[in-house]
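Containing PDB, C-alpha atoms, pLDDT in the B column: data35.pdb.
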MODEL        1
ATOM      1  CA  MET A 111      28.608  46.600-116.335  1.00 43.00           C
ATOM      2  CA  THR A 112      32.031  46.586-114.672  1.00 39.00           C
ATOM      3  CA  ARG A 113      33.240  43.856-117.063  1.00 41.00           C
ATOM      4  CA  ILE A 114      32.062  45.841-120.100  1.00 39.00           C
ATOM      5  CA  LEU A 115      33.795  48.991-118.815  1.00 33.00           C
ATOM      6  CA  LEU A 116      36.961  47.008-118.037  1.00 34.00           C
ATOM      7  CA  ALA A 117      36.902  45.449-121.519  1.00 34.00           C
ATOM      8  CA  ALA A 118      36.455  48.878-123.135  1.00 34.00           C
ATOM      9  CA  VAL A 119      39.363  50.338-121.153  1.00 32.00           C
ATOM     10  CA  SER A 120      41.537  47.324-122.019  1.00 33.00           C
ATOM     11  CA  ALA A 121      40.679  47.665-125.714  1.00 33.00           C
ATOM     12  CA  ALA A 122      41.512  51.382-125.635  1.00 34.00           C
ATOM     13  CA  LEU A 123      44.864  50.739-123.946  1.00 31.00           C
ATOM     14  CA  LEU A 124      45.660  48.019-126.464  1.00 32.00           C
ATOM     15  CA  ALA A 125      44.861  50.388-129.351  1.00 34.00           C
ATOM     16  CA  VAL A 126      47.087  53.110-127.879  1.00 32.00           C
ATOM     17  CA  SER A 127      49.981  50.721-127.279  1.00 33.00           C
ATOM     18  CA  ALA A 128      49.575  49.231-130.763  1.00 35.00           C
ATOM     19  CA  SER A 129      49.701  52.682-132.368  1.00 34.00           C
ATOM     20  CA  GLY A 130      52.840  53.473-130.352  1.00 38.00           C
ATOM     21  CA  ALA A 131      54.410  50.232-131.523  1.00 36.00           C
ATOM     22  CA  THR A 132      53.555  51.090-135.108  1.00 34.00           C
ATOM     23  CA  ALA A 133      55.188  54.500-134.782  1.00 37.00           C
ATOM     24  CA  GLN A 134      58.299  52.903-133.304  1.00 41.00           C
ATOM     25  CA  THR A 135      58.625  50.287-136.077  1.00 44.00           C
ATOM     26  CA  LYS A 136      58.440  52.742-139.001  1.00 77.00           C
ATOM     27  CA  LEU A 137      62.212  53.032-138.808  1.00 87.00           C
ATOM     28  CA  SER A 138      64.124  50.241-140.517  1.00 93.00           C
ATOM     29  CA  ARG A 139      67.704  49.057-140.526  1.00 92.00           C
ATOM     30  CA  ASN A 140      67.827  49.531-144.312  1.00 94.00           C
ATOM     31  CA  GLU A 141      66.691  53.145-143.989  1.00 95.00           C
ATOM     32  CA  ILE A 142      69.588  53.788-141.618  1.00 95.00           C
ATOM     33  CA  ILE A 143      72.076  51.973-143.878  1.00 95.00           C
ATOM     34  CA  ASN A 144      70.918  53.815-147.003  1.00 94.00           C
ATOM     35  CA  SER A 145      71.235  57.169-145.245  1.00 94.00           C
ATOM     36  CA  LEU A 146      74.716  56.501-143.910  1.00 94.00           C
ATOM     37  CA  GLN A 147      76.470  54.557-146.686  1.00 92.00           C
ATOM     38  CA  GLY A 148      77.958  55.801-149.887  1.00 84.00           C
ATOM     39  CA  ALA A 149      80.783  57.875-151.214  1.00 69.00           C
ATOM     40  CA  GLN A 150      81.421  61.228-149.631  1.00 74.00           C
ATOM     41  CA  GLN A 151      84.223  63.704-149.345  1.00 74.00           C
ATOM     42  CA  GLU A 152      86.630  63.148-146.516  1.00 78.00           C
ATOM     43  CA  VAL A 153      86.434  65.685-143.696  1.00 81.00           C
ATOM     44  CA  GLU A 154      89.043  66.061-141.003  1.00 85.00           C
ATOM     45  CA  LEU A 155      87.064  66.797-137.872  1.00 87.00           C
ATOM     46  CA  SER A 156      87.276  65.376-134.368  1.00 91.00           C
ATOM     47  CA  ALA A 157      84.573  65.052-131.735  1.00 93.00           C
ATOM     48  CA  ASP A 158      86.567  67.392-129.498  1.00 94.00           C
ATOM     49  CA  GLU A 159      86.705  70.070-132.233  1.00 92.00           C
ATOM     50  CA  LEU A 160      82.962  69.852-132.780  1.00 92.00           C
ATOM     51  CA  GLN A 161      82.222  69.981-129.037  1.00 93.00           C
ATOM     52  CA  LYS A 162      84.576  72.956-128.661  1.00 93.00           C
ATOM     53  CA  ALA A 163      82.870  74.787-131.558  1.00 90.00           C
ATOM     54  CA  ALA A 164      79.499  74.443-129.807  1.00 91.00           C
ATOM     55  CA  LEU A 165      80.899  75.809-126.536  1.00 92.00           C
ATOM     56  CA  GLU A 166      82.631  78.687-128.340  1.00 91.00           C
ATOM     57  CA  ASN A 167      79.356  79.518-130.084  1.00 88.00           C
ATOM     58  CA  ILE A 168      77.654  79.845-126.684  1.00 89.00           C
ATOM     59  CA  GLU A 169      80.465  82.036-125.363  1.00 90.00           C
ATOM     60  CA  LYS A 170      80.598  84.205-128.495  1.00 88.00           C
ATOM     61  CA  TYR A 171      76.821  84.646-128.734  1.00 86.00           C
ATOM     62  CA  PRO A 172      75.393  84.597-125.204  1.00 84.00           C
ATOM     63  CA  GLY A 173      71.649  84.641-124.784  1.00 75.00           C
ATOM     64  CA  ALA A 174      68.963  83.549-127.178  1.00 67.00           C
ATOM     65  CA  ASN A 175      70.153  85.507-130.241  1.00 65.00           C
ATOM     66  CA  ALA A 176      72.791  83.023-131.348  1.00 69.00           C
ATOM     67  CA  PRO A 177      73.087  82.053-135.000  1.00 68.00           C
ATOM     68  CA  GLN A 178      71.450  78.686-135.669  1.00 66.00           C
ATOM     69  CA  SER A 179      74.456  77.346-137.507  1.00 71.00           C
ATOM     70  CA  LEU A 180      77.848  76.437-136.130  1.00 73.00           C
ATOM     71  CA  PRO A 181      80.988  77.493-138.000  1.00 72.00           C
ATOM     72  CA  LEU A 182      81.567  73.799-138.804  1.00 77.00           C
ATOM     73  CA  ALA A 183      78.020  73.277-140.114  1.00 77.00           C
ATOM     74  CA  ASP A 184      79.159  73.240-143.743  1.00 78.00           C
ATOM     75  CA  LYS A 185      81.603  70.436-143.014  1.00 80.00           C
ATOM     76  CA  LEU A 186      78.894  68.434-141.242  1.00 83.00           C
ATOM     77  CA  ALA A 187      76.346  69.017-144.007  1.00 84.00           C
ATOM     78  CA  SER A 188      78.658  67.392-146.544  1.00 86.00           C
ATOM     79  CA  LEU A 189      78.699  64.103-144.597  1.00 91.00           C
ATOM     80  CA  ARG A 190      76.250  61.189-144.769  1.00 93.00           C
ATOM     81  CA  GLN A 191      73.952  61.427-141.745  1.00 93.00           C
ATOM     82  CA  PHE A 192      70.751  60.244-140.177  1.00 94.00           C
ATOM     83  CA  ASN A 193      68.480  61.818-137.539  1.00 92.00           C
ATOM     84  CA  VAL A 194      66.517  59.623-135.182  1.00 92.00           C
ATOM     85  CA  GLU A 195      64.286  60.210-132.193  1.00 90.00           C
ATOM     86  CA  ILE A 196      65.517  58.468-129.080  1.00 92.00           C
ATOM     87  CA  THR A 197      63.514  59.400-126.013  1.00 90.00           C
ATOM     88  CA  PHE A 198      64.988  59.993-122.586  1.00 88.00           C
ATOM     89  CA  ASP A 199      63.536  60.498-119.155  1.00 84.00           C
ATOM     90  CA  PHE A 200      62.859  64.182-118.526  1.00 80.00           C
ATOM     91  CA  ASP A 201      66.014  66.152-117.720  1.00 85.00           C
ATOM     92  CA  SER A 202      68.007  62.911-117.791  1.00 89.00           C
ATOM     93  CA  ALA A 203      70.378  60.863-119.931  1.00 93.00           C
ATOM     94  CA  ARG A 204      68.480  57.633-119.168  1.00 93.00           C
ATOM     95  CA  ILE A 205      67.207  56.147-122.428  1.00 94.00           C
ATOM     96  CA  LYS A 206      63.542  55.214-122.192  1.00 91.00           C
ATOM     97  CA  PRO A 207      62.878  51.486-122.674  1.00 93.00           C
ATOM     98  CA  GLU A 208      60.728  52.060-125.774  1.00 91.00           C
ATOM     99  CA  SER A 209      63.751  53.580-127.538  1.00 93.00           C
ATOM    100  CA  TYR A 210      65.954  50.500-127.179  1.00 94.00           C
ATOM    101  CA  GLU A 211      64.349  49.058-130.306  1.00 94.00           C
ATOM    102  CA  THR A 212      65.577  52.108-132.215  1.00 95.00           C
ATOM    103  CA  VAL A 213      69.056  51.802-130.699  1.00 97.00           C
ATOM    104  CA  GLY A 214      69.016  48.116-131.712  1.00 96.00           C
ATOM    105  CA  LEU A 215      68.163  49.033-135.309  1.00 96.00           C
ATOM    106  CA  ILE A 216      71.094  51.456-135.332  1.00 97.00           C
ATOM    107  CA  ALA A 217      73.348  48.678-134.029  1.00 97.00           C
ATOM    108  CA  ASP A 218      72.061  46.257-136.675  1.00 97.00           C
ATOM    109  CA  ALA A 219      72.895  48.818-139.360  1.00 97.00           C
ATOM    110  CA  LEU A 220      76.372  49.479-137.940  1.00 97.00           C
ATOM    111  CA  HIS A 221      77.104  45.732-137.897  1.00 96.00           C
ATOM    112  CA  THR A 222      76.434  45.317-141.628  1.00 96.00           C
ATOM    113  CA  PRO A 223      79.313  45.094-144.122  1.00 95.00           C
ATOM    114  CA  TYR A 224      78.094  48.369-145.654  1.00 94.00           C
ATOM    115  CA  LEU A 225      79.001  50.356-142.531  1.00 95.00           C
ATOM    116  CA  GLN A 226      81.383  48.128-140.560  1.00 93.00           C
ATOM    117  CA  GLY A 227      84.751  49.682-139.860  1.00 91.00           C
ATOM    118  CA  GLN A 228      83.588  53.223-140.523  1.00 93.00           C
ATOM    119  CA  THR A 229      83.689  55.951-137.880  1.00 94.00           C
ATOM    120  CA  PHE A 230      80.618  57.805-136.631  1.00 96.00           C
ATOM    121  CA  PHE A 231      79.721  60.789-134.521  1.00 96.00           C
ATOM    122  CA  ILE A 232      76.715  60.248-132.279  1.00 97.00           C
ATOM    123  CA  VAL A 233      75.450  63.792-131.853  1.00 95.00           C
ATOM    124  CA  GLY A 234      72.946  64.739-129.166  1.00 95.00           C
ATOM    125  CA  HIS A 235      70.631  67.725-129.676  1.00 93.00           C
ATOM    126  CA  THR A 236      68.108  69.405-127.379  1.00 92.00           C
ATOM    127  CA  ASP A 237      65.337  71.937-127.773  1.00 90.00           C
ATOM    128  CA  ALA A 238      65.843  75.508-126.526  1.00 91.00           C
ATOM    129  CA  LYS A 239      64.156  75.084-123.141  1.00 91.00           C
ATOM    130  CA  GLY A 240      66.624  75.889-120.383  1.00 90.00           C
ATOM    131  CA  ALA A 241      70.076  77.449-120.359  1.00 93.00           C
ATOM    132  CA  ARG A 242      72.236  76.837-123.422  1.00 93.00           C
ATOM    133  CA  GLU A 243      75.212  75.647-121.358  1.00 95.00           C
ATOM    134  CA  TYR A 244      73.006  73.166-119.523  1.00 95.00           C
ATOM    135  CA  ASN A 245      71.504  71.906-122.784  1.00 95.00           C
ATOM    136  CA  LEU A 246      74.989  71.440-124.205  1.00 95.00           C
ATOM    137  CA  GLU A 247      75.962  69.293-121.211  1.00 97.00           C
ATOM    138  CA  LEU A 248      72.699  67.313-121.270  1.00 96.00           C
ATOM    139  CA  SER A 249      72.999  66.604-124.995  1.00 96.00           C
ATOM    140  CA  LEU A 250      76.542  65.292-124.493  1.00 97.00           C
ATOM    141  CA  LYS A 251      75.378  63.017-121.662  1.00 97.00           C
ATOM    142  CA  ARG A 252      72.591  61.689-123.901  1.00 95.00           C
ATOM    143  CA  ALA A 253      74.988  61.077-126.802  1.00 97.00           C
ATOM    144  CA  ILE A 254      77.286  59.212-124.396  1.00 98.00           C
ATOM    145  CA  ALA A 255      74.320  57.136-123.168  1.00 97.00           C
ATOM    146  CA  VAL A 256      73.453  56.116-126.744  1.00 98.00           C
ATOM    147  CA  ARG A 257      77.110  55.303-127.449  1.00 98.00           C
ATOM    148  CA  GLU A 258      77.338  53.212-124.281  1.00 98.00           C
ATOM    149  CA  ALA A 259      74.162  51.307-125.166  1.00 97.00           C
ATOM    150  CA  LEU A 260      75.513  50.578-128.642  1.00 98.00           C
ATOM    151  CA  VAL A 261      78.868  49.414-127.242  1.00 98.00           C
ATOM    152  CA  THR A 262      77.760  47.467-124.162  1.00 97.00           C
ATOM    153  CA  THR A 263      74.336  46.125-125.066  1.00 96.00           C
ATOM    154  CA  PHE A 264      74.709  45.736-128.830  1.00 97.00           C
ATOM    155  CA  ARG A 265      78.481  45.124-129.102  1.00 97.00           C
ATOM    156  CA  VAL A 266      79.264  47.834-131.647  1.00 97.00           C
ATOM    157  CA  PRO A 267      83.036  48.493-131.534  1.00 97.00           C
ATOM    158  CA  GLY A 268      83.569  51.525-129.311  1.00 97.00           C
ATOM    159  CA  ASP A 269      86.607  52.756-131.212  1.00 97.00           C
ATOM    160  CA  THR A 270      84.326  53.669-134.151  1.00 96.00           C
ATOM    161  CA  LEU A 271      81.836  55.775-132.154  1.00 98.00           C
ATOM    162  CA  PHE A 272      82.385  59.269-130.773  1.00 97.00           C
ATOM    163  CA  ALA A 273      79.796  61.117-128.668  1.00 98.00           C
ATOM    164  CA  VAL A 274      79.237  64.845-129.180  1.00 97.00           C
ATOM    165  CA  GLY A 275      76.664  67.139-127.617  1.00 96.00           C
ATOM    166  CA  LEU A 276      75.503  70.229-129.493  1.00 94.00           C
ATOM    167  CA  GLY A 277      72.630  71.195-127.215  1.00 93.00           C
ATOM    168  CA  GLU A 278      70.408  73.732-128.974  1.00 91.00           C
ATOM    169  CA  GLU A 279      73.180  75.039-131.233  1.00 91.00           C
ATOM    170  CA  GLN A 280      71.779  73.311-134.348  1.00 88.00           C
ATOM    171  CA  LEU A 281      68.014  73.324-134.067  1.00 89.00           C
ATOM    172  CA  ARG A 282      66.207  71.272-136.659  1.00 88.00           C
ATOM    173  CA  ASP A 283      63.275  73.723-136.541  1.00 90.00           C
ATOM    174  CA  PRO A 284      64.637  77.189-135.635  1.00 89.00           C
ATOM    175  CA  SER A 285      61.185  78.730-136.115  1.00 92.00           C
ATOM    176  CA  ASP A 286      59.940  76.658-133.141  1.00 92.00           C
ATOM    177  CA  PRO A 287      62.958  76.280-130.820  1.00 90.00           C
ATOM    178  CA  ASP A 288      60.980  74.410-128.140  1.00 89.00           C
ATOM    179  CA  ALA A 289      59.571  71.815-130.577  1.00 89.00           C
ATOM    180  CA  ALA A 290      60.100  68.130-129.888  1.00 86.00           C
ATOM    181  CA  VAL A 291      61.652  67.668-133.361  1.00 87.00           C
ATOM    182  CA  ASN A 292      64.724  69.515-132.062  1.00 88.00           C
ATOM    183  CA  ARG A 293      65.328  66.815-129.428  1.00 89.00           C
ATOM    184  CA  ARG A 294      67.110  64.156-131.433  1.00 91.00           C
ATOM    185  CA  VAL A 295      70.178  62.033-131.918  1.00 93.00           C
ATOM    186  CA  GLN A 296      72.096  62.303-135.157  1.00 94.00           C
ATOM    187  CA  LEU A 297      74.518  59.773-136.609  1.00 96.00           C
ATOM    188  CA  ILE A 298      77.178  61.255-138.874  1.00 95.00           C
ATOM    189  CA  ASN A 299      79.403  58.992-140.955  1.00 95.00           C
ATOM    190  CA  LEU A 300      83.038  60.132-141.003  1.00 92.00           C
ATOM    191  CA  GLY A 301      84.086  57.250-143.254  1.00 90.00           C
ATOM    192  CA  TYR A 302      87.079  54.992-142.760  1.00 86.00           C
ATOM    193  CA  ARG A 303      89.795  56.331-140.462  1.00 78.00           C
TER     194      ARG A 303
ENDMDL
END

Rewrite the coordinates I just gave you, this time as structure tokens.
Amino acid sequence: MTRILLAAVSAALLAVSASGATAQTKLSRNEIINSLQGAQQEVELSADELQKAALENIEKYPGANAPQSLPLADKLASLRQFNVEITFDFDSARIKPESYETVGLIADALHTPYLQGQTFFIVGHTDAKGAREYNLELSLKRAIAVREALVTTFRVPGDTLFAVGLGEEQLRDPSDPDAAVNRRVQLINLGYR
């Protein structure tokens, strides 16, 4: 009886881990490349300007009634970009081990001739749980963690990657500010610089 129960539990765990692996492998290097490559208008924007705009938005609109679009949102919307879920430990910038496959796919894409030599923002976003200033800081730390993993583990040239944290200032689903879909990392292609 114990062996049958143990076998059933093992089978259930295997099924759960297999479904998690399937969800993780839906993303492909080609999907990332296709989203980030191609002609686009050139936009003069630095990581510092974008970070400053997010902080100014918090200062200008304190509390929860802030507009869900930054003043620079139009500039960002015109650029080739890709959103990806990279999971972190709760309230931390430590990338969870299961997300390293995703970071590796990003690195593979950035190493291809289609994207090599181009400059990218790595933008961290959070949901609306917690203080906006704290979320801004946490999202920056997470963007830095992804950048560092790309540079140190996957050897992507660091001079082409710039980390920015926007916190909850650009929610993907403003109708549900606490939704998991808002917690994401975004790659934005700035082109050749």

Check: Looking at A:Gln150, A:Ser202, A:Asn140, A:Thr229, which one is nearest to Ala273 of chain A, with distances taken over all atoms listed in the file?
Finding: A:Thr229

Next item on the list: Determine the residue membership of the PyMOL selection byres ((chain A and resi 148) around 12) for the file above and supply it as a count of residues only.
Entry: 20

The PyMOL selection byres ((chain A and resi 217) around 9) resolved against shown file, as a CSV table (one decimal) with C-alpha atoms, keeping the file's coordinate frame:
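Result written to expr-v6.csv:
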chain,number,residue,atom,x,y,z
A,139,ARG,CA,67.7,49.1,-140.5
A,212,THR,CA,65.6,52.1,-132.2
A,213,VAL,CA,69.1,51.8,-130.7
A,214,GLY,CA,69.0,48.1,-131.7
A,215,LEU,CA,68.2,49.0,-135.3
A,216,ILE,CA,71.1,51.5,-135.3
A,218,ASP,CA,72.1,46.3,-136.7
A,219,ALA,CA,72.9,48.8,-139.4
A,220,LEU,CA,76.4,49.5,-137.9
A,221,HIS,CA,77.1,45.7,-137.9
A,222,THR,CA,76.4,45.3,-141.6
A,260,LEU,CA,75.5,50.6,-128.6
A,261,VAL,CA,78.9,49.4,-127.2
A,264,PHE,CA,74.7,45.7,-128.8
A,265,ARG,CA,78.5,45.1,-129.1
A,266,VAL,CA,79.3,47.8,-131.6

Check: atom CA of Leu182 of chain A to atom CA of Gln226 of chain A: how many Å, to one decimal?
Finding: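 Computing it gives 25.7 Å between the two atoms.
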
Next item on the list: Evaluate the PyMOL selection byres ((chain A and resi 280) around 8) here and jot the selected residues down as a PyMOL selection string.
Entry: chain A and resi 178-180+235+276-279+281-282

Next item on the list: Would you please work out which residue, of A:Ile232, A:Ile196, A:Ala203, A:Leu248, is nearest to Gly268 of chain A when using all atoms listed in the file?
Entry: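 Among the listed residues, A:Ile232 lies closest to Gly268 of chain A.
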
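Here atom CA of Glu247 of chain A stands at a distance of 19.8 Å from atom CA of Phe230 of chain A.
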
Check: Which residue gives the smallest distance to Gly227 of chain A among A:Ser138, A:Gln161, A:Thr270, A:Asn167, with only C-alpha atoms counted?
Finding: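 Result for the nearest residue to Gly227 of chain A: A:Thr270.
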
I want to know what sits within 10 Å of Gly173 of chain A, based on all atoms listed in the file, with residues of the same chain fewer than 4 positions away left out; could you give that as a compact mmCIF listing (two decimals) with C-alpha atoms, in the coordinates of the input?
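Just written: selection_18.txt:
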# COMPACT_ATOMS: atom_id res chain seq x y z
CA ILE A 168 77.65 79.84 -126.68
CA GLU A 169 80.46 82.04 -125.36
CA ALA A 241 70.08 77.45 -120.36
CA ARG A 242 72.24 76.84 -123.42

Adding 5 Å on each side of the box along x, y and z that holds all listed atoms of segment 195-199 of chain A, could you give its centre and edge lengths in Å to one decimal, as JSON?
{"center_x": 64.5, "center_y": 59.5, "center_z": -125.7, "size_x": 12.0, "size_y": 12.0, "size_z": 23.0}

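With atom CA of Pro207 of chain A on one side and atom CA of Val256 of chain A on the other, the separation reads 12.2 Å.
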
Checklist line | Which residue of A:Asp269, A:Asp288, A:Tyr244, A:Ile298 approaches Leu165 of chain A most closely, using all atoms listed in the file | finding: A:Tyr244

Checklist line | Selection: 8 Å around Ile205 of chain A, all atoms listed in the file, excl. self and same-chain fewer than 6 positions, as a ChimeraX atom specification | finding: /A:196-199,252,255-256

Notebook entry, point to check: Could you pull the residues within 6 Å of Val295 of chain A, counting only C-alpha atoms, minus those fewer than 4 positions along the same chain, as a ChimeraX atom specification?
Noted result: /A:193-194,233-234

With C-alpha atoms retained, export the selected residues as a compact mmCIF listing (two decimals), keeping the file's coordinate frame.
# COMPACT_ATOMS: atom_id res chain seq x y z
CA ASN A 193 68.48 61.82 -137.54
CA VAL A 194 66.52 59.62 -135.18
CA VAL A 233 75.45 63.79 -131.85
CA GLY A 234 72.95 64.74 -129.17

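Nearest-residue note for Leu297 of chain A: choosing from A:Lys162, A:Leu186, A:Pro267, A:Pro172, the minimum distance belongs to A:Leu186, counting only C-alpha atoms.
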
Notebook entry, point to check: Of the candidates A:Tyr210, A:Arg204, A:Phe192, A:Asp283, which shows the shortest atom-to-atom distance to Glu141 of chain A, using all atoms listed in the file?
Noted result: A:Phe192

Could segment 280-296 of chain A be completed with N, CA, C and O atoms and returned as a CSV table (one decimal), in the coordinates of the input?
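Once everything was written out, this is result-v5.csv:
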chain,number,residue,atom,x,y,z
A,280,GLN,N,72.2,73.6,-133.0
A,280,GLN,CA,71.8,73.3,-134.3
A,280,GLN,C,70.3,72.8,-134.3
A,280,GLN,O,70.1,71.6,-134.5
A,281,LEU,N,69.4,73.7,-134.1
A,281,LEU,CA,68.0,73.3,-134.1
A,281,LEU,C,67.6,72.8,-135.4
A,281,LEU,O,67.9,73.4,-136.5
A,282,ARG,N,66.8,71.8,-135.4
A,282,ARG,CA,66.2,71.3,-136.7
A,282,ARG,C,65.1,72.2,-137.2
A,282,ARG,O,64.9,72.3,-138.4
A,283,ASP,N,64.4,72.8,-136.2
A,283,ASP,CA,63.3,73.7,-136.5
A,283,ASP,C,63.5,75.0,-135.8
A,283,ASP,O,62.9,75.3,-134.7
A,284,PRO,N,64.3,75.9,-136.3
A,284,PRO,CA,64.6,77.2,-135.6
A,284,PRO,C,63.4,78.1,-135.5
A,284,PRO,O,63.4,78.9,-134.5
A,285,SER,N,62.4,77.9,-136.3
A,285,SER,CA,61.2,78.7,-136.1
A,285,SER,C,60.4,78.3,-134.9
A,285,SER,O,59.6,79.1,-134.4
A,286,ASP,N,60.6,77.1,-134.4
A,286,ASP,CA,59.9,76.7,-133.1
A,286,ASP,C,61.0,76.0,-132.3
A,286,ASP,O,61.1,74.8,-132.2
A,287,PRO,N,61.8,76.8,-131.6
A,287,PRO,CA,63.0,76.3,-130.8
A,287,PRO,C,62.6,75.3,-129.7
A,287,PRO,O,63.5,74.5,-129.3
A,288,ASP,N,61.4,75.3,-129.2
A,288,ASP,CA,61.0,74.4,-128.1
A,288,ASP,C,60.3,73.1,-128.7
A,288,ASP,O,59.9,72.3,-127.9
A,289,ALA,N,60.2,73.0,-130.0
A,289,ALA,CA,59.6,71.8,-130.6
A,289,ALA,C,60.3,70.5,-130.3
A,289,ALA,O,61.5,70.5,-130.2
A,290,ALA,N,59.5,69.5,-130.2
A,290,ALA,CA,60.1,68.1,-129.9
A,290,ALA,C,61.0,67.7,-131.0
A,290,ALA,O,62.0,66.9,-130.7
A,291,VAL,N,60.8,68.1,-132.2
A,291,VAL,CA,61.7,67.7,-133.4
A,291,VAL,C,63.1,68.1,-133.2
A,291,VAL,O,64.0,67.5,-133.7
A,292,ASN,N,63.4,69.1,-132.3
A,292,ASN,CA,64.7,69.5,-132.1
A,292,ASN,C,65.5,68.6,-131.1
A,292,ASN,O,66.7,68.6,-131.1
A,293,ARG,N,64.7,67.8,-130.4
A,293,ARG,CA,65.3,66.8,-129.4
A,293,ARG,C,65.6,65.5,-130.2
A,293,ARG,O,64.7,64.8,-130.5
A,294,ARG,N,66.8,65.3,-130.6
A,294,ARG,CA,67.1,64.2,-131.4
A,294,ARG,C,68.5,63.7,-131.3
A,294,ARG,O,69.4,64.4,-130.6
A,295,VAL,N,68.8,62.5,-131.8
A,295,VAL,CA,70.2,62.0,-131.9
A,295,VAL,C,70.5,61.9,-133.4
A,295,VAL,O,69.7,61.5,-134.2
A,296,GLN,N,71.7,62.3,-133.8
A,296,GLN,CA,72.1,62.3,-135.2
A,296,GLN,C,73.3,61.4,-135.3
A,296,GLN,O,74.3,61.5,-134.5
